[in-house]
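Below is one structure, written out as structure tokens, with a few remarks after it.
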Amino acid sequence: MNLKKKNIVFISVGAVVVIVVLFLIFGGKSGIPKVEYVMTKAEVADISTTITATGTIEPVTSVDVGTQVSGIVSKLYVDYNSVVKAGQVIAELDKSNLTSELNSAKANLASAKASLASLESELAYQKDNYQRQKTLYDKGLISADAYEQAYKSYVQATQSVSQQRQAVVTQGENVKKATTNLGYATITSPIDGIVLSKEVEEGQTVASSFSTPTLFKIAKDLTDMRVIADVDEADIGNVQVSQRVEFTVDAYPDDVFEGLVTQVRQQATTESNVVTYEVVISAPNQDLKLKPGLTANVTIYTSEKKGVIAVPSKALRFTPNEALLTDGESIEDAPDAKDKVWVKNGLVFKAMPVTVGLTNGNLTEIVSGLKAGQEIVSEFILPVEEQAQQANSNPFMPKPRNRNNDKKTQSNNK
């Protein structure tokens, strides 16, 4: 058999194969593939929209306890996790220098008071002397110079007493300051709470020259926590106070904690060109599972509706294709409807205008136009063979090699 006859045989066999495949795909029905339509019912459901973010667990109220004076830590009375009461002594600094400063201030005050007493006595003498000299001067018994000298001494004594009285006040304030500083050496808890951190040890020197050193961090109530979540700028417009929140922490992956949005802060934070806003979320913690510093994976429910009629969102995107209709099937469209779903009554696809509400992507609320339990078409499914044929028709898929070209190439090579 020569090459030409071989080609004729191959072409004939190929034609037969194509005919058989087409018959199997189209079922011998006018070349139209058999399409399956997926039916679904409008059901009563709960629909919600959410946004996600990450945040950090922290106490609602916490205080950094420091010291306003410098010194050596001589005694610590609490440790991590210690429960403290307001006014309870939690640490003491060495008081030697502070006590010395107080004693020095008291001595200076005593000296100032003694000087004041002496000057007041001198003032009394100068006053009496001035009055005597004035009486004599008025009678012409002494010169004007003697009278003026007595008056001048009286005025100077008055001024000295006034200045010394001010010095006594100053020394008194120094005593108060030294007493206060000595009191600062005894550090007490400002609130009822629990010690979260201890930043110093006994014998350590703390200096308050430029800033107040932190000795302890005390949380007021660990049963009342909060989450500070960083919400992306694209989502912050949907977040409002009182929205429901669910969050999880890695420490308890199977537990879902709940809270409410209590504050949406206006200040933006920019990091690596990403803008976020802080959202404060309440986090009740009666069982004390939530610990400060834990990372929370937050879900904020921005919209929620319960017990509404809903359909799969893909049903609103479905439209019957005339090219896929079989004999006797027809379409009754509603071209003016903004949103519509399709019902199939026998061989007729009929569009039903609807009004949609909240959607979460998977489900869409139907405000009007459908009743619960009403059946609609949600999508169609092509036969597997038809899907394969469409995939093979994709211009970006690799094409099978041409057998005739292969035969010609082999002949030329011969």
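Ordering of the structure tokens sets the chain letters (A, B, ...); residue numbers start at 1 within each chain; ligands are numbered from 1 in the order shown.
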
Residue neighbourhood A:Ala207, 10 Å, only C-alpha atoms, exclusion window fewer than 5 positions, as a list in words: Thr67, Gln68, Val69, Ser70, Gly71, Ile72, Thr212 and Pro213 of chain A

9 Å contact set for A:Met225, only C-alpha atoms, chain neighbours under 3 positions out, as a list in words: Ile57, Glu58, Pro59, Val60, Thr61, Asp221, Leu222, Ile281, Ser282, Ala283, Pro284, Asn285, Leu290, Lys291 and Pro292 of chain A

Keeping only N, CA, C and O atoms, write the selected residues as a PDB file, in the first residue's frame.
```
ATOM      1  N   ILE A  57      -4.302  41.691  73.497  1.00  0.00           N
ATOM      2  CA  ILE A  57      -5.059  41.718  74.745  1.00  0.00           C
ATOM      3  C   ILE A  57      -4.312  42.579  75.766  1.00  0.00           C
ATOM      4  O   ILE A  57      -3.095  42.465  75.922  1.00  0.00           O
ATOM      5  N   GLU A  58      -5.062  43.446  76.461  1.00  0.00           N
ATOM      6  CA  GLU A  58      -4.444  44.233  77.522  1.00  0.00           C
ATOM      7  C   GLU A  58      -5.493  44.584  78.569  1.00  0.00           C
ATOM      8  O   GLU A  58      -6.701  44.575  78.283  1.00  0.00           O
ATOM      9  N   PRO A  59      -5.057  44.889  79.793  1.00  0.00           N
ATOM     10  CA  PRO A  59      -6.022  45.294  80.827  1.00  0.00           C
ATOM     11  C   PRO A  59      -6.668  46.635  80.471  1.00  0.00           C
ATOM     12  O   PRO A  59      -6.036  47.476  79.818  1.00  0.00           O
ATOM     13  N   VAL A  60      -7.894  46.816  80.930  1.00  0.00           N
ATOM     14  CA  VAL A  60      -8.561  48.105  80.693  1.00  0.00           C
ATOM     15  C   VAL A  60      -7.837  49.210  81.447  1.00  0.00           C
ATOM     16  O   VAL A  60      -7.621  50.306  80.932  1.00  0.00           O
ATOM     17  N   THR A  61      -7.439  48.931  82.685  1.00  0.00           N
ATOM     18  CA  THR A  61      -6.720  49.920  83.496  1.00  0.00           C
ATOM     19  C   THR A  61      -5.435  49.305  84.015  1.00  0.00           C
ATOM     20  O   THR A  61      -5.459  48.256  84.667  1.00  0.00           O
ATOM     21  N   ASP A 221      -7.854  45.175  87.127  1.00  0.00           N
ATOM     22  CA  ASP A 221      -8.797  44.062  87.198  1.00  0.00           C
ATOM     23  C   ASP A 221      -8.630  43.192  85.964  1.00  0.00           C
ATOM     24  O   ASP A 221      -9.020  43.588  84.857  1.00  0.00           O
ATOM     25  N   LEU A 222      -8.073  42.000  86.124  1.00  0.00           N
ATOM     26  CA  LEU A 222      -7.847  41.109  84.985  1.00  0.00           C
ATOM     27  C   LEU A 222      -9.121  40.412  84.517  1.00  0.00           C
ATOM     28  O   LEU A 222      -9.099  39.733  83.493  1.00  0.00           O
ATOM     29  N   ILE A 281     -11.952  46.943  71.832  1.00  0.00           N
ATOM     30  CA  ILE A 281     -13.001  45.925  71.949  1.00  0.00           C
ATOM     31  C   ILE A 281     -13.020  45.404  73.385  1.00  0.00           C
ATOM     32  O   ILE A 281     -11.976  45.047  73.935  1.00  0.00           O
ATOM     33  N   SER A 282     -14.190  45.383  73.987  1.00  0.00           N
ATOM     34  CA  SER A 282     -14.309  44.839  75.342  1.00  0.00           C
ATOM     35  C   SER A 282     -14.069  43.331  75.309  1.00  0.00           C
ATOM     36  O   SER A 282     -14.401  42.657  74.338  1.00  0.00           O
ATOM     37  N   ALA A 283     -13.491  42.825  76.395  1.00  0.00           N
ATOM     38  CA  ALA A 283     -13.178  41.395  76.463  1.00  0.00           C
ATOM     39  C   ALA A 283     -13.377  40.899  77.893  1.00  0.00           C
ATOM     40  O   ALA A 283     -12.419  40.812  78.671  1.00  0.00           O
ATOM     41  N   PRO A 284     -14.622  40.588  78.271  1.00  0.00           N
ATOM     42  CA  PRO A 284     -14.861  40.029  79.611  1.00  0.00           C
ATOM     43  C   PRO A 284     -14.031  38.775  79.835  1.00  0.00           C
ATOM     44  O   PRO A 284     -13.902  37.929  78.955  1.00  0.00           O
ATOM     45  N   ASN A 285     -13.458  38.664  81.039  1.00  0.00           N
ATOM     46  CA  ASN A 285     -12.484  37.601  81.291  1.00  0.00           C
ATOM     47  C   ASN A 285     -12.703  36.993  82.669  1.00  0.00           C
ATOM     48  O   ASN A 285     -11.795  36.932  83.494  1.00  0.00           O
ATOM     49  N   LEU A 290      -7.785  34.919  79.379  1.00  0.00           N
ATOM     50  CA  LEU A 290      -7.106  35.938  78.581  1.00  0.00           C
ATOM     51  C   LEU A 290      -6.007  36.593  79.406  1.00  0.00           C
ATOM     52  O   LEU A 290      -6.248  37.093  80.501  1.00  0.00           O
ATOM     53  N   LYS A 291      -4.801  36.586  78.850  1.00  0.00           N
ATOM     54  CA  LYS A 291      -3.653  37.148  79.537  1.00  0.00           C
ATOM     55  C   LYS A 291      -3.134  38.368  78.764  1.00  0.00           C
ATOM     56  O   LYS A 291      -3.197  38.398  77.532  1.00  0.00           O
ATOM     57  N   PRO A 292      -2.625  39.362  79.473  1.00  0.00           N
ATOM     58  CA  PRO A 292      -2.103  40.546  78.785  1.00  0.00           C
ATOM     59  C   PRO A 292      -1.007  40.172  77.795  1.00  0.00           C
ATOM     60  O   PRO A 292      -0.116  39.375  78.099  1.00  0.00           O
TER      61      PRO A 292
END
```

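Across the structure, atom CA of A:Glu43 and atom CA of A:Lys350 are spaced 19.7 Å apart.
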
All helix (DSSP H, G or I) positions in stretch 149-354 of chain A, as a ChimeraX atom specification: /A:149-184,236-238,313-317,322-324

Nearest to A:Thr54 by atom-to-atom distance, counting only C-alpha atoms, from A:Val367, A:Ile187, A:Ala42, A:Ile228: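 Nearest candidate to A:Thr54 out of A:Val367, A:Ile187, A:Ala42, A:Ile228: A:Ile228.
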
Distance criterion (only C-alpha atoms): nearest to A:Lys289 out of A:Thr223, A:Ala45, A:Phe318, A:Glu271: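 Ranked by minimum distance to A:Lys289, first place goes to A:Thr223.
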
A:Leu196, A:Val44, A:Val63, A:Leu123 ranked by distance to A:Lys371, top pick (using only C-alpha atoms): A:Val44

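Taking atom CA of A:Val261 and atom CA of A:Gly357 as the two end points, the separation is 24.2 Å.
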
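Between atom CA of A:Leu215 and atom CA of A:Pro190 lies a distance of 12.8 Å.
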
Nearby residues (only C-alpha atoms) at most 10 Å from A:Gly172, same-chain spacing under 3 positions excluded, as a list of chain:residue names: A:Ala105, A:Lys106, A:Asn108, A:Leu109, A:Ala110, A:Ala112, A:Lys113, A:Gln166, A:Ala167, A:Val168, A:Val169, A:Val175, A:Lys176, A:Lys177, A:Ala178

Expected answer as a ChimeraX atom specification: strand (DSSP E) residues in stretch 227-385 of chain A: /A:227-232,244-249,252-271,274-284,295-312,330-332,340-345,348-353,355-359,363-368,375-381

Top pick for closest residue to A:Gln286, considering A:Gly55, A:Phe257, A:Leu382, A:Leu370 and counting only C-alpha atoms: A:Phe257

Residue neighbourhood A:Val84, 10 Å, only C-alpha atoms, exclusion window fewer than 3 positions, as a ChimeraX atom specification: /A:78,81,87-90,188-195,218-220

Using N, CA, C and O atoms, can you export the residues from the last selection as a JSON list (two decimals), in the first residue's frame?
```
[["chain", "number", "residue", "atom", "x", "y", "z"],
["A", 78, "VAL", "N", 6.64, 42.92, 97.13],
["A", 78, "VAL", "CA", 5.76, 42.19, 96.21],
["A", 78, "VAL", "C", 6.59, 41.60, 95.09],
["A", 78, "VAL", "O", 7.74, 42.00, 94.86],
["A", 81, "ASN", "N", 2.61, 38.77, 89.94],
["A", 81, "ASN", "CA", 1.30, 38.18, 90.25],
["A", 81, "ASN", "C", 0.84, 38.43, 91.68],
["A", 81, "ASN", "O", -0.15, 37.84, 92.11],
["A", 87, "GLY", "N", -2.67, 51.85, 98.47],
["A", 87, "GLY", "CA", -1.99, 52.32, 99.68],
["A", 87, "GLY", "C", -1.05, 51.31, 100.30],
["A", 87, "GLY", "O", -0.31, 51.65, 101.23],
["A", 88, "GLN", "N", -1.05, 50.09, 99.81],
["A", 88, "GLN", "CA", -0.16, 49.06, 100.36],
["A", 88, "GLN", "C", 1.28, 49.35, 99.99],
["A", 88, "GLN", "O", 1.59, 49.71, 98.84],
["A", 89, "VAL", "N", 2.20, 49.22, 100.96],
["A", 89, "VAL", "CA", 3.63, 49.43, 100.70],
["A", 89, "VAL", "C", 4.15, 48.27, 99.85],
["A", 89, "VAL", "O", 4.01, 47.10, 100.23],
["A", 90, "ILE", "N", 4.75, 48.60, 98.70],
["A", 90, "ILE", "CA", 5.25, 47.55, 97.82],
["A", 90, "ILE", "C", 6.77, 47.60, 97.67],
["A", 90, "ILE", "O", 7.37, 46.62, 97.22],
["A", 188, "THR", "N", 4.01, 52.98, 97.41],
["A", 188, "THR", "CA", 2.75, 52.29, 97.67],
["A", 188, "THR", "C", 2.00, 52.06, 96.37],
["A", 188, "THR", "O", 2.23, 52.74, 95.37],
["A", 189, "SER", "N", 1.08, 51.11, 96.40],
["A", 189, "SER", "CA", 0.26, 50.83, 95.22],
["A", 189, "SER", "C", -0.82, 51.90, 95.08],
["A", 189, "SER", "O", -1.53, 52.19, 96.04],
["A", 190, "PRO", "N", -0.98, 52.47, 93.89],
["A", 190, "PRO", "CA", -2.02, 53.50, 93.72],
["A", 190, "PRO", "C", -3.42, 52.92, 93.54],
["A", 190, "PRO", "O", -4.40, 53.65, 93.69],
["A", 191, "ILE", "N", -3.52, 51.64, 93.19],
["A", 191, "ILE", "CA", -4.83, 51.02, 92.93],
["A", 191, "ILE", "C", -4.87, 49.61, 93.49],
["A", 191, "ILE", "O", -3.83, 49.03, 93.80],
["A", 192, "ASP", "N", -6.08, 49.09, 93.60],
["A", 192, "ASP", "CA", -6.24, 47.66, 93.88],
["A", 192, "ASP", "C", -5.97, 46.90, 92.58],
["A", 192, "ASP", "O", -6.48, 47.27, 91.52],
["A", 193, "GLY", "N", -5.19, 45.84, 92.65],
["A", 193, "GLY", "CA", -4.92, 45.09, 91.42],
["A", 193, "GLY", "C", -3.93, 43.97, 91.63],
["A", 193, "GLY", "O", -3.75, 43.46, 92.73],
["A", 194, "ILE", "N", -3.26, 43.63, 90.52],
["A", 194, "ILE", "CA", -2.28, 42.55, 90.52],
["A", 194, "ILE", "C", -1.02, 43.02, 89.82],
["A", 194, "ILE", "O", -1.08, 43.78, 88.84],
["A", 195, "VAL", "N", 0.12, 42.62, 90.34],
["A", 195, "VAL", "CA", 1.41, 43.04, 89.78],
["A", 195, "VAL", "C", 1.69, 42.25, 88.51],
["A", 195, "VAL", "O", 1.82, 41.02, 88.55],
["A", 218, "ILE", "N", 1.06, 47.56, 87.40],
["A", 218, "ILE", "CA", -0.06, 46.95, 88.13],
["A", 218, "ILE", "C", -1.33, 47.08, 87.31],
["A", 218, "ILE", "O", -1.66, 48.18, 86.84],
["A", 219, "ALA", "N", -2.01, 45.97, 87.10],
["A", 219, "ALA", "CA", -3.30, 45.96, 86.40],
["A", 219, "ALA", "C", -4.41, 46.00, 87.44],
["A", 219, "ALA", "O", -4.35, 45.32, 88.46],
["A", 220, "LYS", "N", -5.45, 46.79, 87.15],
["A", 220, "LYS", "CA", -6.51, 46.98, 88.14],
["A", 220, "LYS", "C", -7.37, 45.73, 88.28],
["A", 220, "LYS", "O", -7.65, 45.28, 89.38]]
```
